[in-house]
$ cat protein.cif   # mmCIF, C-alpha atoms
data_start
loop_
_atom_site.group_PDB
_atom_site.id
_atom_site.type_symbol
_atom_site.label_atom_id
_atom_site.label_comp_id
_atom_site.auth_asym_id
_atom_site.auth_seq_id
_atom_site.Cartn_x
_atom_site.Cartn_y
_atom_site.Cartn_z
ATOM 1 C CA VAL K 1 -40.556 -1.225 -30.473
ATOM 2 C CA GLY K 2 -37.248 -1.835 -32.174
ATOM 3 C CA ASP K 3 -37.958 -0.068 -35.467
ATOM 4 C CA VAL K 4 -38.411 3.524 -36.583
ATOM 5 C CA VAL K 5 -40.328 4.538 -39.698
ATOM 6 C CA SER K 6 -41.443 7.823 -41.164
ATOM 7 C CA SER K 7 -45.085 8.762 -41.407
ATOM 8 C CA ALA K 8 -44.865 8.177 -45.176
ATOM 9 C CA VAL K 9 -44.199 4.445 -44.845
ATOM 10 C CA SER K 10 -46.273 2.194 -47.093
ATOM 11 C CA LEU K 11 -48.533 -0.436 -45.584
ATOM 12 C CA ASP K 12 -46.575 -3.176 -47.371
ATOM 13 C CA GLU K 13 -43.291 -2.056 -45.818
ATOM 14 C CA LEU K 14 -44.935 -1.690 -42.429
ATOM 15 C CA ASP K 15 -46.317 -5.218 -42.752
ATOM 16 C CA VAL K 16 -42.872 -6.640 -43.581
ATOM 17 C CA ARG K 17 -41.287 -4.806 -40.639
ATOM 18 C CA ALA K 18 -44.011 -6.023 -38.276
ATOM 19 C CA ASP K 19 -43.525 -9.603 -39.482
ATOM 20 C CA ARG K 20 -39.771 -9.329 -38.865
ATOM 21 C CA LEU K 21 -40.313 -8.042 -35.328
ATOM 22 C CA ALA K 22 -42.850 -10.793 -34.630
ATOM 23 C CA ALA K 23 -40.373 -13.417 -35.883
ATOM 24 C CA GLN K 24 -37.642 -12.026 -33.617
ATOM 25 C CA ALA K 25 -39.974 -12.291 -30.632
ATOM 26 C CA GLN K 26 -40.453 -16.012 -31.376
ATOM 27 C CA MET K 27 -36.726 -16.798 -31.582
ATOM 28 C CA LEU K 28 -35.072 -19.004 -29.007
ATOM 29 C CA PRO K 29 -33.127 -17.184 -26.322
ATOM 30 C CA ARG K 30 -29.357 -17.548 -26.327
ATOM 31 C CA HIS K 31 -29.249 -18.194 -22.578
ATOM 32 C CA ARG K 32 -31.489 -19.811 -20.037
ATOM 33 C CA ASP K 33 -30.725 -19.025 -16.415
ATOM 34 C CA ILE K 34 -32.171 -21.368 -13.825
ATOM 35 C CA GLY K 35 -30.883 -20.222 -10.457
ATOM 36 C CA PRO K 36 -27.094 -20.569 -10.542
ATOM 37 C CA LEU K 37 -27.191 -22.659 -13.739
ATOM 38 C CA ARG K 38 -26.712 -20.900 -17.060
ATOM 39 C CA LEU K 39 -27.355 -22.724 -20.324
ATOM 40 C CA ASP K 40 -25.765 -21.244 -23.445
ATOM 41 C CA LEU K 41 -27.421 -22.283 -26.705
ATOM 42 C CA PHE K 42 -24.477 -21.134 -28.857
ATOM 43 C CA ALA K 43 -21.822 -22.885 -26.776
ATOM 44 C CA ARG K 44 -24.204 -25.852 -26.305
ATOM 45 C CA ASP K 45 -23.019 -26.141 -22.731
ATOM 46 C CA GLY K 46 -24.113 -25.322 -19.228
ATOM 47 C CA PHE K 47 -22.228 -23.285 -16.669
ATOM 48 C CA GLY K 48 -22.238 -23.357 -12.894
ATOM 49 C CA GLY K 49 -20.842 -19.909 -12.262
ATOM 50 C CA LYS K 50 -18.061 -19.633 -14.836
ATOM 51 C CA ARG K 51 -17.296 -23.343 -14.782
ATOM 52 C CA PRO K 52 -18.415 -25.202 -17.946
ATOM 53 C CA LEU K 53 -20.191 -28.498 -17.372
ATOM 54 C CA GLY K 54 -18.790 -30.177 -20.503
ATOM 55 C CA LEU K 55 -22.134 -31.452 -21.716
ATOM 56 C CA HIS K 56 -22.493 -33.868 -24.603
ATOM 57 C CA PRO K 57 -25.092 -32.839 -27.225
ATOM 58 C CA ARG K 58 -27.858 -35.119 -25.933
ATOM 59 C CA GLU K 59 -27.170 -34.053 -22.337
ATOM 60 C CA PHE K 60 -27.411 -30.401 -23.342
ATOM 61 C CA ASN K 61 -30.660 -31.006 -25.237
ATOM 62 C CA LEU K 62 -32.135 -32.818 -22.251
ATOM 63 C CA LEU K 63 -31.152 -30.058 -19.828
ATOM 64 C CA TRP K 64 -32.371 -27.340 -22.235
ATOM 65 C CA ARG K 65 -35.737 -29.120 -22.504
ATOM 66 C CA LEU K 66 -36.083 -29.419 -18.734
ATOM 67 C CA ALA K 67 -35.173 -25.723 -18.426
ATOM 68 C CA GLU K 68 -38.094 -24.773 -20.695
ATOM 69 C CA THR K 69 -40.470 -25.622 -17.868
ATOM 70 C CA PRO K 70 -38.564 -25.320 -14.581
ATOM 71 C CA HIS K 71 -40.320 -26.725 -11.519
ATOM 72 C CA ARG K 72 -42.750 -28.673 -13.728
ATOM 73 C CA PRO K 73 -42.195 -32.364 -14.374
ATOM 74 C CA VAL K 74 -41.622 -33.429 -17.963
ATOM 75 C CA ALA K 75 -42.898 -36.891 -18.830
ATOM 76 C CA LYS K 76 -40.511 -39.450 -20.266
ATOM 77 C CA GLU K 77 -42.676 -39.606 -23.406
ATOM 78 C CA GLU K 78 -42.195 -35.851 -23.915
ATOM 79 C CA LEU K 79 -38.448 -36.112 -23.380
ATOM 80 C CA VAL K 80 -38.182 -38.967 -25.866
ATOM 81 C CA ALA K 81 -40.180 -36.964 -28.426
ATOM 82 C CA ASP K 82 -38.424 -33.620 -27.855
ATOM 83 C CA VAL K 83 -34.824 -34.736 -27.220
ATOM 84 C CA TRP K 84 -34.502 -38.072 -29.007
ATOM 85 C CA ARG K 85 -37.079 -37.246 -31.738
ATOM 86 C CA LEU K 86 -38.768 -40.627 -31.369
ATOM 87 C CA GLY K 87 -42.480 -41.349 -31.477
ATOM 88 C CA HIS K 88 -42.291 -44.194 -28.962
ATOM 89 C CA VAL K 89 -40.550 -44.850 -25.669
ATOM 90 C CA PRO K 90 -37.810 -47.422 -26.300
ATOM 91 C CA GLU K 91 -37.335 -50.373 -23.967
ATOM 92 C CA THR K 92 -34.031 -48.996 -22.677
ATOM 93 C CA ASN K 93 -32.916 -46.969 -19.698
ATOM 94 C CA SER K 94 -31.363 -44.289 -21.917
ATOM 95 C CA ILE K 95 -33.204 -41.411 -20.229
ATOM 96 C CA ALA K 96 -32.164 -42.584 -16.763
ATOM 97 C CA VAL K 97 -28.536 -42.943 -17.899
ATOM 98 C CA HIS K 98 -28.457 -39.434 -19.387
ATOM 99 C CA VAL K 99 -30.126 -37.962 -16.292
ATOM 100 C CA SER K 100 -27.573 -39.742 -14.089
ATOM 101 C CA ARG K 101 -24.696 -38.276 -16.117
ATOM 102 C CA LEU K 102 -26.270 -34.821 -15.952
ATOM 103 C CA ARG K 103 -26.672 -35.083 -12.189
ATOM 104 C CA ALA K 104 -22.998 -36.033 -11.827
ATOM 105 C CA LYS K 105 -21.859 -33.080 -13.939
ATOM 106 C CA LEU K 106 -24.147 -30.694 -12.074
ATOM 107 C CA ALA K 107 -22.832 -32.028 -8.745
ATOM 108 C CA LEU K 108 -19.230 -31.346 -9.825
ATOM 109 C CA ALA K 109 -20.230 -27.724 -10.434
ATOM 110 C CA GLY K 110 -21.875 -27.485 -6.999
ATOM 111 C CA LEU K 111 -25.395 -27.752 -8.397
ATOM 112 C CA ASP K 112 -26.544 -30.914 -6.614
ATOM 113 C CA GLY K 113 -30.218 -31.798 -6.669
ATOM 114 C CA MET K 114 -31.270 -29.655 -9.621
ATOM 115 C CA ILE K 115 -32.869 -32.588 -11.422
ATOM 116 C CA GLU K 116 -35.614 -34.249 -9.438
ATOM 117 C CA THR K 117 -37.332 -37.501 -10.311
ATOM 118 C CA ASP K 118 -41.103 -37.684 -10.070
ATOM 119 C CA ALA K 119 -41.970 -41.375 -10.354
ATOM 120 C CA ALA K 120 -45.430 -40.601 -11.693
ATOM 121 C CA ALA K 121 -44.566 -37.710 -13.998
ATOM 122 C CA GLY K 122 -40.921 -37.847 -15.126
ATOM 123 C CA TYR K 123 -38.154 -35.336 -14.367
ATOM 124 C CA ARG K 124 -38.105 -31.690 -13.334
ATOM 125 C CA LEU K 125 -35.417 -29.027 -13.041
ATOM 126 C CA VAL K 126 -35.421 -27.134 -9.748
ATOM 127 C CA PRO K 127 -32.773 -24.595 -8.719
ATOM 128 C CA PRO K 128 -31.028 -25.428 -5.430
ATOM 129 C CA GLY K 129 -32.783 -23.954 -2.412
ATOM 130 C CA MET K 130 -35.898 -23.003 -4.370
ATOM 131 C CA LEU K 131 -39.224 -24.646 -3.743
ATOM 132 C CA ALA K 132 -41.509 -25.382 -6.638
ATOM 133 C CA PRO K 133 -44.431 -22.955 -6.919
ATOM 134 C CA PRO K 134 -47.703 -24.422 -5.655
ATOM 135 C CA ALA K 135 -49.672 -26.303 -8.290
ATOM 136 C CA GLN K 136 -52.887 -24.646 -9.368
ATOM 137 C CA SER K 137 -55.939 -26.674 -10.021
ATOM 138 C CA MET K 138 -58.053 -26.217 -13.113
ATOM 139 C CA LYS K 139 -60.776 -24.783 -10.869
ATOM 140 C CA GLU K 140 -58.419 -22.051 -9.646
ATOM 141 C CA CYS K 141 -57.327 -21.276 -13.193
ATOM 142 C CA ALA K 142 -60.924 -20.897 -14.317
ATOM 143 C CA PHE K 143 -61.506 -18.184 -11.731
ATOM 144 C CA GLU K 144 -58.138 -16.444 -11.922
ATOM 145 C CA PRO K 145 -57.006 -16.409 -15.585
ATOM 146 C CA PRO K 146 -54.350 -13.670 -15.247
ATOM 147 C CA GLU K 147 -52.317 -15.854 -12.845
ATOM 148 C CA CYS K 148 -52.612 -19.001 -14.958
#
$ encode --input "protein.cif" --output "structure tokens"
Amino acid sequence: VGDVVSSAVSLDELDVRADRLAAQAQMLPRHRDIGPLRLDLFARDGFGGKRPLGLHPREFNLLWRLAETPHRPVAKEELVADVWRLGHVPETNSIAVHVSRLRAKLALAGLDGMIETDAAAGYRLVPPGMLAPPAQSMKECAFEPPEC
């Protein structure tokens, strides 16, 4: 799986090679594709088709975080912790302002409606024309672990 060794390889070398392969498997992907939206970690921008969105760093981080769990709402507390690196939710509307700017940029690229607001749970990223998968209850997960 990505490495070739002779039968005379030492266990120490094999261990180092296995650790390297395991580390590569844990690396962040360069791209995240959510329907017609492509996020590029190196360019730190999003693309609707070939059109760049022109995202500011915080906007990119917010969109990247939402793309980690498409269709699932991300609580404001999680966004503040993951994107702003704060341990508390500030008394500002900073998240709403950034989401509004993201929505405007997505709309210009023809990607209207990708960020949905869930008043009880936060924000979620949903590709246009795609319905969110049905939520599974804990009871269902207990009986069907391979699908959960």
$ resolve_selection --input "protein.cif" --expression "the PyMOL selection byres ((chain K and resi 77-94) around 10)" --output "JSON, numbers by chain"
{"K": [57, 58, 59, 60, 61, 62, 63, 64, 65, 66, 74, 75, 76, 95, 96, 97, 98, 99, 100, 121, 122, 123]}
$ axis_aligned_box --input "protein.cif" --around "segment 5-11 of chain K" --padding-each-side "6 Å" --output "JSON"
{"center_x": -44.4, "center_y": 4.2, "center_z": -43.4, "size_x": 20.2, "size_y": 21.2, "size_z": 19.4}
$ residues_around --input "protein.cif" --residues "Pro70 of chain K" --least-positions-apart "6" --cutoff "8 Å" --atoms "all atoms listed in the file" --output "ChimeraX atom specification"
/K:34,124-126
$ closest_residue --input "protein.cif" --among "K:Leu14, K:Leu21, K:Leu108, K:Met114" --to "Gly35 of chain K" --atoms "only C-alpha atoms"
K:Met114
$ atom_distance --input "protein.cif" --atom1 "atom CA of Thr69 of chain K" --atom2 "atom CA of Ile115 of chain K"
12.2 Å
$ residues_around --input "protein.cif" --residues "Phe47 of chain K" --least-positions-apart "6" --cutoff "10 Å" --atoms "only C-alpha atoms" --output "mmCIF file with C-alpha atoms, in the coordinates of the input"
data_model
loop_
_atom_site.group_PDB
_atom_site.id
_atom_site.type_symbol
_atom_site.label_atom_id
_atom_site.label_comp_id
_atom_site.auth_asym_id
_atom_site.auth_seq_id
_atom_site.Cartn_x
_atom_site.Cartn_y
_atom_site.Cartn_z
ATOM 1 C CA ASP K 33 -30.725 -19.025 -16.415
ATOM 2 C CA PRO K 36 -27.094 -20.569 -10.542
ATOM 3 C CA LEU K 37 -27.191 -22.659 -13.739
ATOM 4 C CA ARG K 38 -26.712 -20.900 -17.060
ATOM 5 C CA LEU K 39 -27.355 -22.724 -20.324
ATOM 6 C CA ASP K 40 -25.765 -21.244 -23.445
ATOM 7 C CA LEU K 53 -20.191 -28.498 -17.372
ATOM 8 C CA GLY K 54 -18.790 -30.177 -20.503
ATOM 9 C CA LEU K 55 -22.134 -31.452 -21.716
ATOM 10 C CA LEU K 106 -24.147 -30.694 -12.074
ATOM 11 C CA ALA K 109 -20.230 -27.724 -10.434
ATOM 12 C CA LEU K 111 -25.395 -27.752 -8.397
#
$ closest_residue --input "protein.cif" --among "K:Ala119, K:Leu102, K:Ala8, K:Ala23" --to "Asp45 of chain K" --atoms "only C-alpha atoms"
K:Leu102
$ atom_distance --input "protein.cif" --atom1 "atom CA of Asp15 of chain K" --atom2 "atom CA of Arg30 of chain K"
26.6 Å
$ build_atoms --input "protein.cif" --residues "segment 36-47 of chain K" --atoms "all heavy atoms" --output "mmCIF file, in the frame of the given file"
data_model
loop_
_atom_site.group_PDB
_atom_site.id
_atom_site.type_symbol
_atom_site.label_atom_id
_atom_site.label_comp_id
_atom_site.auth_asym_id
_atom_site.auth_seq_id
_atom_site.Cartn_x
_atom_site.Cartn_y
_atom_site.Cartn_z
ATOM 1 N N PRO K 36 -28.516 -20.755 -10.245
ATOM 2 C CA PRO K 36 -27.094 -20.569 -10.542
ATOM 3 C C PRO K 36 -26.630 -21.263 -11.826
ATOM 4 O O PRO K 36 -25.470 -21.146 -12.213
ATOM 5 C CB PRO K 36 -26.397 -21.192 -9.326
ATOM 6 C CG PRO K 36 -27.366 -22.213 -8.838
ATOM 7 C CD PRO K 36 -28.737 -21.666 -9.127
ATOM 8 N N LEU K 37 -27.531 -21.968 -12.492
ATOM 9 C CA LEU K 37 -27.191 -22.659 -13.739
ATOM 10 C C LEU K 37 -27.480 -21.760 -14.927
ATOM 11 O O LEU K 37 -28.559 -21.184 -15.029
ATOM 12 C CB LEU K 37 -28.013 -23.948 -13.866
ATOM 13 C CG LEU K 37 -27.910 -24.694 -15.202
ATOM 14 C CD1 LEU K 37 -26.502 -25.257 -15.399
ATOM 15 C CD2 LEU K 37 -28.949 -25.793 -15.266
ATOM 16 N N ARG K 38 -26.513 -21.645 -15.817
ATOM 17 C CA ARG K 38 -26.712 -20.900 -17.060
ATOM 18 C C ARG K 38 -26.488 -21.847 -18.221
ATOM 19 O O ARG K 38 -25.448 -22.492 -18.326
ATOM 20 C CB ARG K 38 -25.755 -19.735 -17.172
ATOM 21 C CG ARG K 38 -25.815 -19.065 -18.570
ATOM 22 C CD ARG K 38 -25.101 -17.775 -18.588
ATOM 23 N NE ARG K 38 -26.113 -16.755 -18.366
ATOM 24 C CZ ARG K 38 -26.087 -15.565 -18.936
ATOM 25 N NH1 ARG K 38 -25.086 -15.196 -19.674
ATOM 26 N NH2 ARG K 38 -27.049 -14.714 -18.725
ATOM 27 N N LEU K 39 -27.479 -21.925 -19.107
ATOM 28 C CA LEU K 39 -27.355 -22.724 -20.324
ATOM 29 C C LEU K 39 -27.115 -21.775 -21.481
ATOM 30 O O LEU K 39 -27.824 -20.778 -21.632
ATOM 31 C CB LEU K 39 -28.625 -23.539 -20.558
ATOM 32 C CG LEU K 39 -28.951 -24.569 -19.485
ATOM 33 C CD1 LEU K 39 -30.283 -25.239 -19.786
ATOM 34 C CD2 LEU K 39 -27.847 -25.592 -19.375
ATOM 35 N N ASP K 40 -26.129 -22.081 -22.302
ATOM 36 C CA ASP K 40 -25.765 -21.244 -23.445
ATOM 37 C C ASP K 40 -26.037 -22.036 -24.718
ATOM 38 O O ASP K 40 -25.368 -23.027 -24.993
ATOM 39 C CB ASP K 40 -24.294 -20.853 -23.347
ATOM 40 C CG ASP K 40 -23.870 -19.855 -24.422
ATOM 41 O OD1 ASP K 40 -24.409 -19.906 -25.546
ATOM 42 O OD2 ASP K 40 -22.995 -19.029 -24.128
ATOM 43 N N LEU K 41 -27.023 -21.582 -25.489
ATOM 44 C CA LEU K 41 -27.421 -22.283 -26.705
ATOM 45 C C LEU K 41 -26.313 -22.281 -27.752
ATOM 46 O O LEU K 41 -26.126 -23.264 -28.466
ATOM 47 C CB LEU K 41 -28.699 -21.661 -27.284
ATOM 48 C CG LEU K 41 -29.311 -22.351 -28.493
ATOM 49 C CD1 LEU K 41 -29.696 -23.789 -28.171
ATOM 50 C CD2 LEU K 41 -30.528 -21.580 -28.979
ATOM 51 N N PHE K 42 -25.548 -21.186 -27.865
ATOM 52 C CA PHE K 42 -24.477 -21.134 -28.857
ATOM 53 C C PHE K 42 -23.322 -22.048 -28.483
ATOM 54 O O PHE K 42 -22.781 -22.760 -29.318
ATOM 55 C CB PHE K 42 -23.967 -19.710 -29.045
ATOM 56 C CG PHE K 42 -24.960 -18.792 -29.703
ATOM 57 C CD1 PHE K 42 -24.788 -17.424 -29.647
ATOM 58 C CD2 PHE K 42 -26.080 -19.273 -30.372
ATOM 59 C CE1 PHE K 42 -25.699 -16.569 -30.245
ATOM 60 C CE2 PHE K 42 -26.997 -18.426 -30.962
ATOM 61 C CZ PHE K 42 -26.793 -17.066 -30.896
ATOM 62 N N ALA K 43 -22.920 -22.036 -27.230
ATOM 63 C CA ALA K 43 -21.822 -22.885 -26.776
ATOM 64 C C ALA K 43 -22.284 -24.332 -26.605
ATOM 65 O O ALA K 43 -21.457 -25.234 -26.545
ATOM 66 C CB ALA K 43 -21.263 -22.364 -25.456
ATOM 67 N N ARG K 44 -23.610 -24.530 -26.521
ATOM 68 C CA ARG K 44 -24.204 -25.852 -26.305
ATOM 69 C C ARG K 44 -23.627 -26.490 -25.042
ATOM 70 O O ARG K 44 -23.253 -27.659 -25.007
ATOM 71 C CB ARG K 44 -24.000 -26.780 -27.503
ATOM 72 C CG ARG K 44 -24.438 -26.243 -28.844
ATOM 73 C CD ARG K 44 -25.882 -26.260 -29.097
ATOM 74 N NE ARG K 44 -26.430 -27.604 -29.147
ATOM 75 C CZ ARG K 44 -27.718 -27.838 -29.138
ATOM 76 N NH1 ARG K 44 -28.565 -26.856 -29.067
ATOM 77 N NH2 ARG K 44 -28.180 -29.050 -29.176
ATOM 78 N N ASP K 45 -23.541 -25.668 -23.999
ATOM 79 C CA ASP K 45 -23.019 -26.141 -22.731
ATOM 80 C C ASP K 45 -23.727 -25.409 -21.606
ATOM 81 O O ASP K 45 -24.380 -24.392 -21.817
ATOM 82 C CB ASP K 45 -21.506 -25.901 -22.642
ATOM 83 C CG ASP K 45 -20.808 -26.852 -21.671
ATOM 84 O OD1 ASP K 45 -21.498 -27.640 -20.984
ATOM 85 O OD2 ASP K 45 -19.565 -26.808 -21.609
ATOM 86 N N GLY K 46 -23.588 -25.950 -20.421
ATOM 87 C CA GLY K 46 -24.113 -25.322 -19.228
ATOM 88 C C GLY K 46 -22.964 -24.834 -18.378
ATOM 89 O O GLY K 46 -21.837 -25.329 -18.493
ATOM 90 N N PHE K 47 -23.255 -23.863 -17.517
ATOM 91 C CA PHE K 47 -22.228 -23.285 -16.669
ATOM 92 C C PHE K 47 -22.762 -23.148 -15.256
ATOM 93 O O PHE K 47 -23.866 -22.655 -15.049
ATOM 94 C CB PHE K 47 -21.799 -21.907 -17.191
ATOM 95 C CG PHE K 47 -21.190 -21.963 -18.560
ATOM 96 C CD1 PHE K 47 -21.981 -21.943 -19.688
ATOM 97 C CD2 PHE K 47 -19.815 -22.061 -18.708
ATOM 98 C CE1 PHE K 47 -21.427 -22.020 -20.962
ATOM 99 C CE2 PHE K 47 -19.247 -22.135 -19.981
ATOM 100 C CZ PHE K 47 -20.059 -22.119 -21.100
#
